[in-house]
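Just structure.cif here, mmCIF, C-alpha atoms:
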data_coords
loop_
_atom_site.group_PDB
_atom_site.id
_atom_site.type_symbol
_atom_site.label_atom_id
_atom_site.label_comp_id
_atom_site.auth_asym_id
_atom_site.auth_seq_id
_atom_site.Cartn_x
_atom_site.Cartn_y
_atom_site.Cartn_z
ATOM 1 C CA MET A 22 150.348 -12.677 68.377
ATOM 2 C CA SER A 23 147.545 -10.153 68.910
ATOM 3 C CA TYR A 24 147.890 -6.392 69.067
ATOM 4 C CA LEU A 25 146.035 -3.359 70.388
ATOM 5 C CA ILE A 26 145.682 0.110 68.856
ATOM 6 C CA GLY A 27 145.401 3.299 70.889
ATOM 7 C CA ILE A 28 144.886 6.807 69.513
ATOM 8 C CA ASP A 29 145.036 10.090 71.428
ATOM 9 C CA GLY A 30 143.709 12.879 69.219
ATOM 10 C CA GLY A 31 143.944 16.388 70.636
ATOM 11 C CA GLY A 32 143.523 19.906 69.380
ATOM 12 C CA THR A 33 147.204 20.239 68.502
ATOM 13 C CA GLN A 34 148.480 16.766 67.629
ATOM 14 C CA THR A 35 147.501 13.101 67.463
ATOM 15 C CA ILE A 36 149.515 10.222 68.918
ATOM 16 C CA GLY A 37 148.967 6.654 67.785
ATOM 17 C CA VAL A 38 150.379 3.516 69.406
ATOM 18 C CA ILE A 39 150.269 -0.208 68.714
ATOM 19 C CA ALA A 40 150.913 -2.384 71.759
ATOM 20 C CA ASP A 41 150.881 -6.072 72.565
ATOM 21 C CA THR A 42 148.084 -7.401 74.780
ATOM 22 C CA ASN A 43 150.241 -6.771 77.867
ATOM 23 C CA GLY A 44 150.348 -3.071 77.023
ATOM 24 C CA ASN A 45 153.944 -2.926 75.804
ATOM 25 C CA HIS A 46 154.273 -0.269 73.095
ATOM 26 C CA LEU A 47 155.670 -1.586 69.807
ATOM 27 C CA SER A 48 154.945 1.213 67.332
ATOM 28 C CA LYS A 49 154.311 4.940 67.768
ATOM 29 C CA VAL A 50 153.381 7.680 65.290
ATOM 30 C CA VAL A 51 152.686 11.383 65.840
ATOM 31 C CA GLY A 52 150.466 13.328 63.447
ATOM 32 C CA LYS A 53 148.359 16.469 63.141
ATOM 33 C CA SER A 54 145.232 17.421 65.087
ATOM 34 C CA THR A 55 142.154 15.210 64.704
ATOM 35 C CA ASN A 56 139.612 17.526 66.312
ATOM 36 C CA TYR A 57 137.204 17.813 63.398
ATOM 37 C CA HIS A 58 135.689 21.013 64.777
ATOM 38 C CA VAL A 59 139.112 22.580 64.214
ATOM 39 C CA VAL A 60 140.501 20.902 61.091
ATOM 40 C CA GLY A 61 137.409 19.517 59.347
ATOM 41 C CA ILE A 62 136.191 15.983 58.706
ATOM 42 C CA GLU A 63 138.330 15.390 55.609
ATOM 43 C CA GLN A 64 141.537 16.268 57.450
ATOM 44 C CA VAL A 65 140.593 13.957 60.319
ATOM 45 C CA GLU A 66 140.060 11.078 57.891
ATOM 46 C CA ALA A 67 143.380 11.748 56.160
ATOM 47 C CA THR A 68 145.332 12.057 59.410
ATOM 48 C CA LEU A 69 143.840 8.996 61.105
ATOM 49 C CA GLY A 70 144.267 6.936 57.945
ATOM 50 C CA SER A 71 147.904 7.991 57.601
ATOM 51 C CA ILE A 72 148.711 7.328 61.269
ATOM 52 C CA LEU A 73 147.061 3.908 61.212
ATOM 53 C CA LYS A 74 148.851 2.924 57.999
ATOM 54 C CA GLN A 75 152.250 3.958 59.374
ATOM 55 C CA LEU A 76 151.662 2.253 62.721
ATOM 56 C CA LEU A 77 150.970 -1.041 60.977
ATOM 57 C CA GLN A 78 153.853 -0.682 58.522
ATOM 58 C CA ASN A 79 156.324 0.022 61.335
ATOM 59 C CA ILE A 80 155.971 -3.528 62.642
ATOM 60 C CA GLY A 81 154.841 -5.267 59.465
ATOM 61 C CA ILE A 82 151.305 -6.257 60.433
ATOM 62 C CA ARG A 83 147.758 -5.705 59.166
ATOM 63 C CA VAL A 84 144.757 -4.300 60.990
ATOM 64 C CA THR A 85 143.309 -7.831 61.023
ATOM 65 C CA ASN A 86 146.156 -8.793 63.376
ATOM 66 C CA CYS A 87 144.834 -6.265 65.907
ATOM 67 C CA GLN A 88 142.381 -7.568 68.470
ATOM 68 C CA ALA A 89 140.959 -4.272 69.731
ATOM 69 C CA ALA A 90 141.323 -0.510 69.460
ATOM 70 C CA CYS A 91 140.384 2.611 71.363
ATOM 71 C CA PHE A 92 140.427 6.079 69.825
ATOM 72 C CA GLY A 93 140.159 8.997 72.248
ATOM 73 C CA LEU A 94 139.542 12.119 70.176
ATOM 74 C CA ALA A 95 138.822 15.719 71.076
ATOM 75 C CA GLY A 96 135.453 16.925 69.834
ATOM 76 C CA VAL A 97 133.444 13.666 70.009
ATOM 77 C CA GLY A 98 131.798 14.118 73.398
ATOM 78 C CA ARG A 99 128.331 14.725 71.973
ATOM 79 C CA ALA A 100 126.153 12.098 70.289
ATOM 80 C CA GLU A 101 126.009 13.610 66.806
ATOM 81 C CA ASP A 102 129.775 14.177 66.744
ATOM 82 C CA HIS A 103 130.411 10.640 67.998
ATOM 83 C CA GLN A 104 128.263 9.095 65.268
ATOM 84 C CA LYS A 105 129.949 11.086 62.528
ATOM 85 C CA ILE A 106 133.494 10.176 63.601
ATOM 86 C CA TYR A 107 132.564 6.541 64.335
ATOM 87 C CA ARG A 108 131.435 6.117 60.732
ATOM 88 C CA LEU A 109 134.686 7.698 59.585
ATOM 89 C CA CYS A 110 136.701 5.234 61.697
ATOM 90 C CA GLU A 111 134.822 2.300 60.193
ATOM 91 C CA LYS A 112 135.664 3.677 56.761
ATOM 92 C CA ILE A 113 139.442 3.789 57.347
ATOM 93 C CA GLY A 114 139.478 0.273 58.843
ATOM 94 C CA ILE A 115 139.398 -0.693 62.516
ATOM 95 C CA PRO A 116 139.422 -3.939 64.538
ATOM 96 C CA ARG A 117 136.064 -5.584 65.257
ATOM 97 C CA GLN A 118 136.380 -4.732 68.954
ATOM 98 C CA PHE A 119 136.503 -0.948 68.888
ATOM 99 C CA ILE A 120 135.528 1.931 71.123
ATOM 100 C CA LEU A 121 135.480 5.616 70.247
ATOM 101 C CA THR A 122 135.550 8.008 73.184
ATOM 102 C CA HIS A 123 136.782 11.499 73.962
ATOM 103 C CA ASP A 124 140.318 12.476 74.882
ATOM 104 C CA ALA A 125 139.399 13.234 78.496
ATOM 105 C CA GLU A 126 138.383 9.634 79.259
ATOM 106 C CA ILE A 127 141.636 8.152 77.983
ATOM 107 C CA ALA A 128 143.652 10.775 79.873
ATOM 108 C CA LEU A 129 141.827 9.969 83.128
ATOM 109 C CA THR A 130 142.332 6.236 82.545
ATOM 110 C CA ALA A 131 146.045 6.882 81.989
ATOM 111 C CA GLY A 132 146.166 8.467 85.443
ATOM 112 C CA ILE A 133 143.941 5.955 87.263
ATOM 113 C CA ARG A 134 143.414 2.425 86.000
ATOM 114 C CA SER A 135 139.933 2.369 87.529
ATOM 115 C CA GLY A 136 139.013 5.610 85.771
ATOM 116 C CA ILE A 137 137.356 6.889 88.979
ATOM 117 C CA GLY A 138 138.162 10.485 89.828
ATOM 118 C CA VAL A 139 138.312 13.886 88.159
ATOM 119 C CA LEU A 140 140.525 15.138 85.360
ATOM 120 C CA ALA A 141 141.101 18.768 84.379
ATOM 121 C CA ILE A 142 142.537 19.380 80.915
ATOM 122 C CA SER A 143 144.180 22.660 79.964
ATOM 123 C CA GLY A 144 145.746 22.622 76.538
ATOM 124 C CA THR A 145 144.617 24.417 73.404
ATOM 125 C CA GLY A 146 141.120 24.010 74.877
ATOM 126 C CA SER A 147 139.914 23.019 78.328
ATOM 127 C CA MET A 148 137.389 20.813 80.065
ATOM 128 C CA VAL A 149 136.870 18.828 83.247
ATOM 129 C CA TYR A 150 135.774 15.199 83.134
ATOM 130 C CA GLY A 151 135.017 12.786 85.946
ATOM 131 C CA GLN A 152 133.636 9.341 86.754
ATOM 132 C CA ASN A 153 132.410 7.787 89.994
ATOM 133 C CA SER A 154 132.234 4.200 91.239
ATOM 134 C CA GLU A 155 128.612 3.840 90.043
ATOM 135 C CA GLY A 156 129.705 4.422 86.468
ATOM 136 C CA LYS A 157 128.245 7.912 86.219
ATOM 137 C CA SER A 158 130.352 10.354 84.216
ATOM 138 C CA VAL A 159 130.115 14.115 83.784
ATOM 139 C CA ARG A 160 131.883 16.719 81.733
ATOM 140 C CA VAL A 161 132.107 20.382 82.591
ATOM 141 C CA GLY A 162 133.225 22.819 79.920
ATOM 142 C CA GLY A 163 134.624 21.669 76.613
ATOM 143 C CA TRP A 164 132.338 24.076 74.749
ATOM 144 C CA GLY A 165 135.010 25.379 72.394
ATOM 145 C CA HIS A 166 136.792 28.706 72.253
ATOM 146 C CA LEU A 167 133.717 30.765 71.325
ATOM 147 C CA LEU A 168 131.476 29.463 74.113
ATOM 148 C CA GLY A 169 133.949 28.420 76.766
ATOM 149 C CA ASP A 170 137.422 26.871 77.088
ATOM 150 C CA GLU A 171 138.018 28.942 80.217
ATOM 151 C CA GLY A 172 141.428 28.282 81.721
ATOM 152 C CA SER A 173 142.857 26.942 78.459
ATOM 153 C CA GLY A 174 145.955 28.057 76.620
ATOM 154 C CA TYR A 175 143.686 29.779 74.100
ATOM 155 C CA ASP A 176 141.833 31.598 76.870
ATOM 156 C CA ILE A 177 145.062 32.807 78.470
ATOM 157 C CA GLY A 178 146.626 33.827 75.153
ATOM 158 C CA HIS A 179 143.471 35.619 74.019
ATOM 159 C CA ARG A 180 143.227 37.539 77.288
ATOM 160 C CA GLY A 181 146.867 38.542 76.848
ATOM 161 C CA LEU A 182 146.144 39.955 73.389
ATOM 162 C CA LYS A 183 143.153 41.916 74.670
ATOM 163 C CA ALA A 184 145.228 43.347 77.510
ATOM 164 C CA ILE A 185 147.759 44.693 74.999
ATOM 165 C CA THR A 186 145.128 46.431 72.868
ATOM 166 C CA GLN A 187 143.431 47.885 75.940
ATOM 167 C CA MET A 188 146.768 49.191 77.187
ATOM 168 C CA SER A 189 147.433 50.707 73.770
ATOM 169 C CA ASP A 190 144.112 52.599 74.018
ATOM 170 C CA GLY A 191 144.901 53.811 77.511
ATOM 171 C CA ARG A 192 142.089 51.692 78.984
ATOM 172 C CA ARG A 193 144.450 49.552 81.023
ATOM 173 C CA GLN A 194 147.570 50.017 83.079
ATOM 174 C CA PRO A 195 150.943 49.442 81.405
ATOM 175 C CA THR A 196 151.961 45.796 81.115
ATOM 176 C CA THR A 197 155.037 43.903 79.976
ATOM 177 C CA LEU A 198 152.709 41.632 78.006
ATOM 178 C CA ARG A 199 153.240 43.910 75.028
ATOM 179 C CA LYS A 200 156.964 43.233 74.999
ATOM 180 C CA PHE A 201 156.699 39.483 75.520
ATOM 181 C CA ILE A 202 153.867 38.766 73.088
ATOM 182 C CA LEU A 203 155.090 40.976 70.249
ATOM 183 C CA ALA A 204 158.549 39.417 70.544
ATOM 184 C CA GLN A 205 157.085 35.899 70.446
ATOM 185 C CA ILE A 206 155.254 36.520 67.172
ATOM 186 C CA SER A 207 157.921 38.798 65.667
ATOM 187 C CA LEU A 208 155.848 41.980 65.452
ATOM 188 C CA ASP A 209 156.993 45.537 66.115
ATOM 189 C CA ARG A 210 153.716 47.356 66.769
ATOM 190 C CA VAL A 211 150.397 46.650 68.462
ATOM 191 C CA ASP A 212 148.399 47.691 65.385
ATOM 192 C CA GLN A 213 150.002 44.803 63.474
ATOM 193 C CA LEU A 214 148.043 42.420 65.708
ATOM 194 C CA VAL A 215 144.850 43.015 63.719
ATOM 195 C CA ARG A 216 146.246 41.290 60.638
ATOM 196 C CA TRP A 217 148.109 38.639 62.645
ATOM 197 C CA VAL A 218 144.989 37.606 64.591
ATOM 198 C CA SER A 219 142.912 37.406 61.393
ATOM 199 C CA MET A 220 145.235 34.682 60.095
ATOM 200 C CA ALA A 221 146.219 32.994 63.375
ATOM 201 C CA SER A 222 145.079 29.479 64.244
ATOM 202 C CA LYS A 223 143.735 28.456 67.642
ATOM 203 C CA SER A 224 147.054 26.758 68.349
ATOM 204 C CA GLN A 225 149.006 29.930 67.592
ATOM 205 C CA ILE A 226 146.860 31.994 69.949
ATOM 206 C CA SER A 227 147.087 29.252 72.572
ATOM 207 C CA ALA A 228 150.888 29.339 72.302
ATOM 208 C CA LEU A 229 150.818 32.968 73.495
ATOM 209 C CA ALA A 230 150.045 31.639 76.975
ATOM 210 C CA ILE A 231 153.815 31.115 77.228
ATOM 211 C CA SER A 232 154.347 34.882 77.060
ATOM 212 C CA VAL A 233 151.609 35.535 79.613
ATOM 213 C CA PHE A 234 153.308 33.208 82.098
ATOM 214 C CA GLU A 235 156.689 34.795 81.354
ATOM 215 C CA SER A 236 155.248 38.247 81.967
ATOM 216 C CA ALA A 237 153.598 37.091 85.191
ATOM 217 C CA GLY A 238 156.939 35.679 86.311
ATOM 218 C CA THR A 239 158.427 39.189 86.212
ATOM 219 C CA GLY A 240 155.755 40.407 88.619
ATOM 220 C CA ASP A 241 153.448 41.959 86.022
ATOM 221 C CA LYS A 242 150.082 42.481 87.742
ATOM 222 C CA VAL A 243 148.010 42.346 84.545
ATOM 223 C CA ALA A 244 149.502 38.998 83.501
ATOM 224 C CA GLN A 245 149.155 37.615 87.018
ATOM 225 C CA ALA A 246 145.477 38.590 87.057
ATOM 226 C CA ILE A 247 144.903 36.774 83.744
ATOM 227 C CA ILE A 248 146.439 33.582 85.086
ATOM 228 C CA GLU A 249 144.503 33.837 88.341
ATOM 229 C CA GLN A 250 141.225 34.264 86.423
ATOM 230 C CA ALA A 251 142.045 31.218 84.294
ATOM 231 C CA GLY A 252 142.910 29.156 87.351
ATOM 232 C CA LYS A 253 139.742 30.152 89.200
ATOM 233 C CA ALA A 254 137.622 29.160 86.196
ATOM 234 C CA LEU A 255 139.125 25.664 86.324
ATOM 235 C CA VAL A 256 138.613 25.486 90.100
ATOM 236 C CA ILE A 257 134.891 26.186 89.614
ATOM 237 C CA ALA A 258 134.696 23.495 86.909
ATOM 238 C CA ILE A 259 136.495 20.931 89.100
ATOM 239 C CA ARG A 260 134.267 21.647 92.106
ATOM 240 C CA THR A 261 131.201 21.357 89.862
ATOM 241 C CA ALA A 262 132.273 17.907 88.613
ATOM 242 C CA ILE A 263 132.997 16.713 92.165
ATOM 243 C CA ARG A 264 129.575 17.922 93.352
ATOM 244 C CA ARG A 265 127.662 16.362 90.460
ATOM 245 C CA LEU A 266 129.439 13.028 90.923
ATOM 246 C CA GLU A 267 129.043 13.140 94.727
ATOM 247 C CA LEU A 268 132.686 12.212 95.137
ATOM 248 C CA SER A 269 134.346 12.102 98.544
ATOM 249 C CA THR A 270 136.595 14.873 99.814
ATOM 250 C CA THR A 271 139.580 12.556 99.360
ATOM 251 C CA SER A 272 138.872 11.755 95.702
ATOM 252 C CA GLU A 273 141.797 12.282 93.359
ATOM 253 C CA VAL A 274 142.095 15.103 90.844
ATOM 254 C CA PHE A 275 144.440 14.750 87.892
ATOM 255 C CA LEU A 276 145.750 17.384 85.509
ATOM 256 C CA SER A 277 146.581 16.957 81.838
ATOM 257 C CA GLY A 278 147.372 19.135 78.831
ATOM 258 C CA GLY A 279 150.188 21.320 77.613
ATOM 259 C CA VAL A 280 149.524 24.277 79.918
ATOM 260 C CA PHE A 281 149.784 22.126 83.037
ATOM 261 C CA GLN A 282 152.725 20.169 81.646
ATOM 262 C CA ASN A 283 154.742 23.289 80.866
ATOM 263 C CA GLN A 284 153.721 25.685 83.638
ATOM 264 C CA PRO A 285 154.429 24.332 87.157
ATOM 265 C CA SER A 286 153.144 27.578 88.697
ATOM 266 C CA PHE A 287 149.686 26.872 87.249
ATOM 267 C CA VAL A 288 149.703 23.409 88.827
ATOM 268 C CA ARG A 289 150.718 24.891 92.193
ATOM 269 C CA PHE A 290 147.882 27.420 91.995
ATOM 270 C CA LEU A 291 145.304 24.626 91.684
ATOM 271 C CA GLN A 292 146.961 22.577 94.423
ATOM 272 C CA GLU A 293 146.629 25.556 96.766
ATOM 273 C CA GLN A 294 142.888 25.733 96.053
ATOM 274 C CA PHE A 295 142.352 22.091 97.089
ATOM 275 C CA PRO A 296 144.476 21.542 100.230
ATOM 276 C CA GLU A 297 142.297 18.557 101.180
ATOM 277 C CA LYS A 298 142.906 16.718 97.895
ATOM 278 C CA THR A 299 145.735 15.127 95.993
ATOM 279 C CA ILE A 300 146.174 17.199 92.823
ATOM 280 C CA GLN A 301 148.768 15.796 90.475
ATOM 281 C CA LEU A 302 149.874 15.734 86.882
ATOM 282 C CA ILE A 303 149.239 12.604 84.873
ATOM 283 C CA ARG A 304 152.701 11.203 84.272
ATOM 284 C CA GLN A 305 151.741 8.717 81.592
ATOM 285 C CA GLU A 306 150.740 9.827 78.116
ATOM 286 C CA PRO A 307 146.960 9.819 77.552
ATOM 287 C CA VAL A 308 147.467 7.302 74.736
ATOM 288 C CA CYS A 309 148.367 4.788 77.475
ATOM 289 C CA GLY A 310 144.794 5.181 78.688
ATOM 290 C CA ALA A 311 143.543 4.317 75.201
ATOM 291 C CA ILE A 312 145.572 1.102 75.279
ATOM 292 C CA ARG A 313 144.172 0.231 78.728
ATOM 293 C CA ILE A 314 140.613 0.685 77.478
ATOM 294 C CA ALA A 315 141.410 -1.483 74.441
ATOM 295 C CA GLN A 316 142.744 -4.151 76.830
ATOM 296 C CA ARG A 317 139.393 -4.199 78.650
ATOM 297 C CA LEU A 318 137.624 -4.993 75.376
ATOM 298 C CA THR A 319 139.578 -8.243 75.092
ATOM 299 C CA ARG A 320 138.611 -9.613 78.509
#
Translate the structure described by the file into structure tokens.
Amino acid sequence: MSYLIGIDGGGTQTIGVIADTNGNHLSKVVGKSTNYHVVGIEQVEATLGSILKQLLQNIGIRVTNCQAACFGLAGVGRAEDHQKIYRLCEKIGIPRQFILTHDAEIALTAGIRSGIGVLAISGTGSMVYGQNSEGKSVRVGGWGHLLGDEGSGYDIGHRGLKAITQMSDGRRQPTTLRKFILAQISLDRVDQLVRWVSMASKSQISALAISVFESAGTGDKVAQAIIEQAGKALVIAIRTAIRRLELSTTSEVFLSGGVFQNQPSFVRFLQEQFPEKTIQLIRQEPVCGAIRIAQRLTR
């Protein structure tokens, strides 16, 4: 019997699956982030190696029993990054038929078998990715938290933190964000944020998006404005991808990532901006897209 390996490596966690050639999942392992821009190359090697080892042990097989594999990892969209991580994958041991791509492609393929359409990701980071019927693909965003990631959990959480400090100075109107965010991270005073932020990870700041949505849900105008700004940034990115790909007005747009999965109001906001299109969450895990791409390698 032959097997397939699929890996979905995001900014927060990595999911690995072994499936049979029909796509039935037989082994699943969840590990840490494998975005090497976030955790470093050594941590990526350790995490991927550990996940692969456990996947194989779970069903008592070796990597030589696996016919093909697809790894979809955050942070490998550019040529130099791809080369570096590809060499790492060869080092830990992969099937002969192997493809390394970015997490957006496997997420889109999980939503549409053909892979034709547009995907917006809003998780720890953000980006928009799309493909057309001619095989052309584009990505918009995905520049990281210092250069972009507009509309991501990090972006929303960071804007929430800035709103609190500006309110504390008297530069901004009062907002319930102070109450929600300080409670979430167990702080008593705004000035304690300086130390907290200096030690916080991207994931911890991204998690503050929860408090921004909670504050917005109470009618807080500052929080609502933050979410609207984030949503509009993603709308611009989606429209840019559609224009560059010359997709039809009826082309599908899919949404993926923790912010969309956990905040229905954010999904509704985007749906309202595209009344002519079908905007929907991807119901299958992105790792299913990795398995589908691995299946194609065997045909």
Exercise for review: Any chance you could resolve the PyMOL selection byres ((chain A and resi 65-69) around 12) against this file and give the residues as a PyMOL selection string?
Suggested key: chain A and resi 26-32+34-38+50-64+70-76+92-96+105-115
Keeping C-alpha atoms, export the residues of the selection given above as a PDB file, keeping the file's coordinate frame.
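Result saved to part15.pdb:
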ATOM      1  CA  ILE A  26     145.682   0.110  68.856  1.00  0.00           C
ATOM      2  CA  GLY A  27     145.401   3.299  70.889  1.00  0.00           C
ATOM      3  CA  ILE A  28     144.886   6.807  69.513  1.00  0.00           C
ATOM      4  CA  ASP A  29     145.036  10.090  71.428  1.00  0.00           C
ATOM      5  CA  GLY A  30     143.709  12.879  69.219  1.00  0.00           C
ATOM      6  CA  GLY A  31     143.944  16.388  70.636  1.00  0.00           C
ATOM      7  CA  GLY A  32     143.523  19.906  69.380  1.00  0.00           C
ATOM      8  CA  GLN A  34     148.480  16.766  67.629  1.00  0.00           C
ATOM      9  CA  THR A  35     147.501  13.101  67.463  1.00  0.00           C
ATOM     10  CA  ILE A  36     149.515  10.222  68.918  1.00  0.00           C
ATOM     11  CA  GLY A  37     148.967   6.654  67.785  1.00  0.00           C
ATOM     12  CA  VAL A  38     150.379   3.516  69.406  1.00  0.00           C
ATOM     13  CA  VAL A  50     153.381   7.680  65.290  1.00  0.00           C
ATOM     14  CA  VAL A  51     152.686  11.383  65.840  1.00  0.00           C
ATOM     15  CA  GLY A  52     150.466  13.328  63.447  1.00  0.00           C
ATOM     16  CA  LYS A  53     148.359  16.469  63.141  1.00  0.00           C
ATOM     17  CA  SER A  54     145.232  17.421  65.087  1.00  0.00           C
ATOM     18  CA  THR A  55     142.154  15.210  64.704  1.00  0.00           C
ATOM     19  CA  ASN A  56     139.612  17.526  66.312  1.00  0.00           C
ATOM     20  CA  TYR A  57     137.204  17.813  63.398  1.00  0.00           C
ATOM     21  CA  HIS A  58     135.689  21.013  64.777  1.00  0.00           C
ATOM     22  CA  VAL A  59     139.112  22.580  64.214  1.00  0.00           C
ATOM     23  CA  VAL A  60     140.501  20.902  61.091  1.00  0.00           C
ATOM     24  CA  GLY A  61     137.409  19.517  59.347  1.00  0.00           C
ATOM     25  CA  ILE A  62     136.191  15.983  58.706  1.00  0.00           C
ATOM     26  CA  GLU A  63     138.330  15.390  55.609  1.00  0.00           C
ATOM     27  CA  GLN A  64     141.537  16.268  57.450  1.00  0.00           C
ATOM     28  CA  GLY A  70     144.267   6.936  57.945  1.00  0.00           C
ATOM     29  CA  SER A  71     147.904   7.991  57.601  1.00  0.00           C
ATOM     30  CA  ILE A  72     148.711   7.328  61.269  1.00  0.00           C
ATOM     31  CA  LEU A  73     147.061   3.908  61.212  1.00  0.00           C
ATOM     32  CA  LYS A  74     148.851   2.924  57.999  1.00  0.00           C
ATOM     33  CA  GLN A  75     152.250   3.958  59.374  1.00  0.00           C
ATOM     34  CA  LEU A  76     151.662   2.253  62.721  1.00  0.00           C
ATOM     35  CA  PHE A  92     140.427   6.079  69.825  1.00  0.00           C
ATOM     36  CA  GLY A  93     140.159   8.997  72.248  1.00  0.00           C
ATOM     37  CA  LEU A  94     139.542  12.119  70.176  1.00  0.00           C
ATOM     38  CA  ALA A  95     138.822  15.719  71.076  1.00  0.00           C
ATOM     39  CA  GLY A  96     135.453  16.925  69.834  1.00  0.00           C
ATOM     40  CA  LYS A 105     129.949  11.086  62.528  1.00  0.00           C
ATOM     41  CA  ILE A 106     133.494  10.176  63.601  1.00  0.00           C
ATOM     42  CA  TYR A 107     132.564   6.541  64.335  1.00  0.00           C
ATOM     43  CA  ARG A 108     131.435   6.117  60.732  1.00  0.00           C
ATOM     44  CA  LEU A 109     134.686   7.698  59.585  1.00  0.00           C
ATOM     45  CA  CYS A 110     136.701   5.234  61.697  1.00  0.00           C
ATOM     46  CA  GLU A 111     134.822   2.300  60.193  1.00  0.00           C
ATOM     47  CA  LYS A 112     135.664   3.677  56.761  1.00  0.00           C
ATOM     48  CA  ILE A 113     139.442   3.789  57.347  1.00  0.00           C
ATOM     49  CA  GLY A 114     139.478   0.273  58.843  1.00  0.00           C
ATOM     50  CA  ILE A 115     139.398  -0.693  62.516  1.00  0.00           C
TER      51      ILE A 115
END
Check your understanding: Contacts of A:Ile39 at 6 Å or less, counting only C-alpha atoms, minus same-chain residues fewer than 2 places along, as an NGL selection string?
Key -> :A and (25-26 or 46-48)
Output of the above residues as a PDB file, in the frame of the given file, restricted to C-alpha atoms:
ATOM      1  CA  LEU A  25     146.035  -3.359  70.388  1.00  0.00           C
ATOM      2  CA  ILE A  26     145.682   0.110  68.856  1.00  0.00           C
ATOM      3  CA  HIS A  46     154.273  -0.269  73.095  1.00  0.00           C
ATOM      4  CA  LEU A  47     155.670  -1.586  69.807  1.00  0.00           C
ATOM      5  CA  SER A  48     154.945   1.213  67.332  1.00  0.00           C
TER       6      SER A  48
END
Contacts of stretch 187-228 of chain A with stretch 242-254 of chain A up to 8 Å, shortest pair per row, all atoms listed in the file, as JSON lines:
{"residue": "A:Gln194", "atom": "CA", "partner": "A:Val243", "partner_atom": "CA", "distance": 7.8}
{"residue": "A:Thr196", "atom": "CA", "partner": "A:Val243", "partner_atom": "CA", "distance": 6.3}
{"residue": "A:Leu198", "atom": "CA", "partner": "A:Ala244", "partner_atom": "CA", "distance": 6.9}
Practice item. Please evaluate the PyMOL selection byres ((chain A and resi 160) around 8) against the displayed coordinates and give the resulting residues as a list of chain:residue names. Key: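 Applied to this file, the PyMOL selection byres ((chain A and resi 160) around 8) returns A:Met148, A:Val149, A:Tyr150, A:Gly151, A:Ser158, A:Val159, A:Val161, A:Gly162, A:Gly163, A:Ala262.
Our summary of the geometry notes that atom CA of A:Asp190 is positioned 26.1 Å from atom CA of A:Ser173.
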Exercise for review: Kindly give the distance, in Å, that separates atom CA of A:Ile137 and atom CA of A:Phe275, rounded to a single decimal.
Suggested key: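 Computed distance, atom CA of A:Ile137 to atom CA of A:Phe275, equals 10.6 Å.
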Exercise for review: Determine, counting only C-alpha atoms, which protein, DNA and RNA residues have an atom within 6 Å of an atom of stretch 308-318 of chain A; residues of the same chain fewer than 2 positions away are not included. Present the result as a ChimeraX atom specification.
Suggested key: /A:27-29,89-91,127-128,130-131,306,320
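Distances from A:Thr145, A:Ser224, A:Ser154, A:Ser219 to A:Asp170 were compared using all atoms listed in the file, and the smallest one belongs to A:Thr145.
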Excluding A:Leu203 and its own-chain neighbours fewer than 3 positions away, which residues fall within 10 Å of it when counting all atoms listed in the file? Please give them as a short mmCIF file (atom, residue, chain, number, x, y, z; two decimals) with C-alpha atoms, in the frame of the given file.
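Written file, around_25.cif:
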data_model
loop_
_atom_site.label_atom_id
_atom_site.label_comp_id
_atom_site.auth_asym_id
_atom_site.auth_seq_id
_atom_site.Cartn_x
_atom_site.Cartn_y
_atom_site.Cartn_z
CA LEU A 182 146.14 39.96 73.39
CA ILE A 185 147.76 44.69 75.00
CA LEU A 198 152.71 41.63 78.01
CA ARG A 199 153.24 43.91 75.03
CA LYS A 200 156.96 43.23 75.00
CA ILE A 206 155.25 36.52 67.17
CA SER A 207 157.92 38.80 65.67
CA LEU A 208 155.85 41.98 65.45
CA ASP A 209 156.99 45.54 66.11
CA ARG A 210 153.72 47.36 66.77
CA VAL A 211 150.40 46.65 68.46
CA GLN A 213 150.00 44.80 63.47
CA LEU A 214 148.04 42.42 65.71
CA LEU A 229 150.82 32.97 73.50
CA SER A 232 154.35 34.88 77.06
#
Check your understanding: Any idea what the distance is between atom CA of A:Ile231 and atom CA of A:Met188?
Key ->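 Result for atom CA of A:Ile231 versus atom CA of A:Met188: 19.4 Å, one decimal.
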Practice item. Expand the PyMOL selection byres ((chain A and resi 273) around 8) into the individual residues it matches in the shown file, reporting them as a count of residues only. Key: 9
Practice item. Quick one: residues within 9 Å of (153.0, 32.0, 79.3) (file frame), counting only C-alpha atoms, please, as a PyMOL selection string. Key: chain A and resi 174+177-178+228-238+244+248+280+284
For stretch 247-252 of chain A, where the input has fewer atoms than it should, I would like N, CA and C atoms rebuilt and written as a PDB file, in the frame of the given file.
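out-v4.pdb was written with the following content:
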ATOM      1  N   ILE A 247     145.409  37.656  84.804  1.00  0.00           N
ATOM      2  CA  ILE A 247     144.903  36.774  83.744  1.00  0.00           C
ATOM      3  C   ILE A 247     145.039  35.315  84.159  1.00  0.00           C
ATOM      4  N   ILE A 248     146.200  34.971  84.683  1.00  0.00           N
ATOM      5  CA  ILE A 248     146.439  33.582  85.086  1.00  0.00           C
ATOM      6  C   ILE A 248     145.551  33.200  86.264  1.00  0.00           C
ATOM      7  N   GLU A 249     145.374  34.117  87.194  1.00  0.00           N
ATOM      8  CA  GLU A 249     144.503  33.837  88.341  1.00  0.00           C
ATOM      9  C   GLU A 249     143.062  33.620  87.889  1.00  0.00           C
ATOM     10  N   GLN A 250     142.584  34.434  86.956  1.00  0.00           N
ATOM     11  CA  GLN A 250     141.225  34.264  86.423  1.00  0.00           C
ATOM     12  C   GLN A 250     141.072  32.907  85.743  1.00  0.00           C
ATOM     13  N   ALA A 251     142.083  32.516  84.978  1.00  0.00           N
ATOM     14  CA  ALA A 251     142.045  31.218  84.294  1.00  0.00           C
ATOM     15  C   ALA A 251     142.020  30.081  85.304  1.00  0.00           C
ATOM     16  N   GLY A 252     142.858  30.188  86.324  1.00  0.00           N
ATOM     17  CA  GLY A 252     142.910  29.156  87.351  1.00  0.00           C
ATOM     18  C   GLY A 252     141.603  29.039  88.114  1.00  0.00           C
TER      19      GLY A 252
END
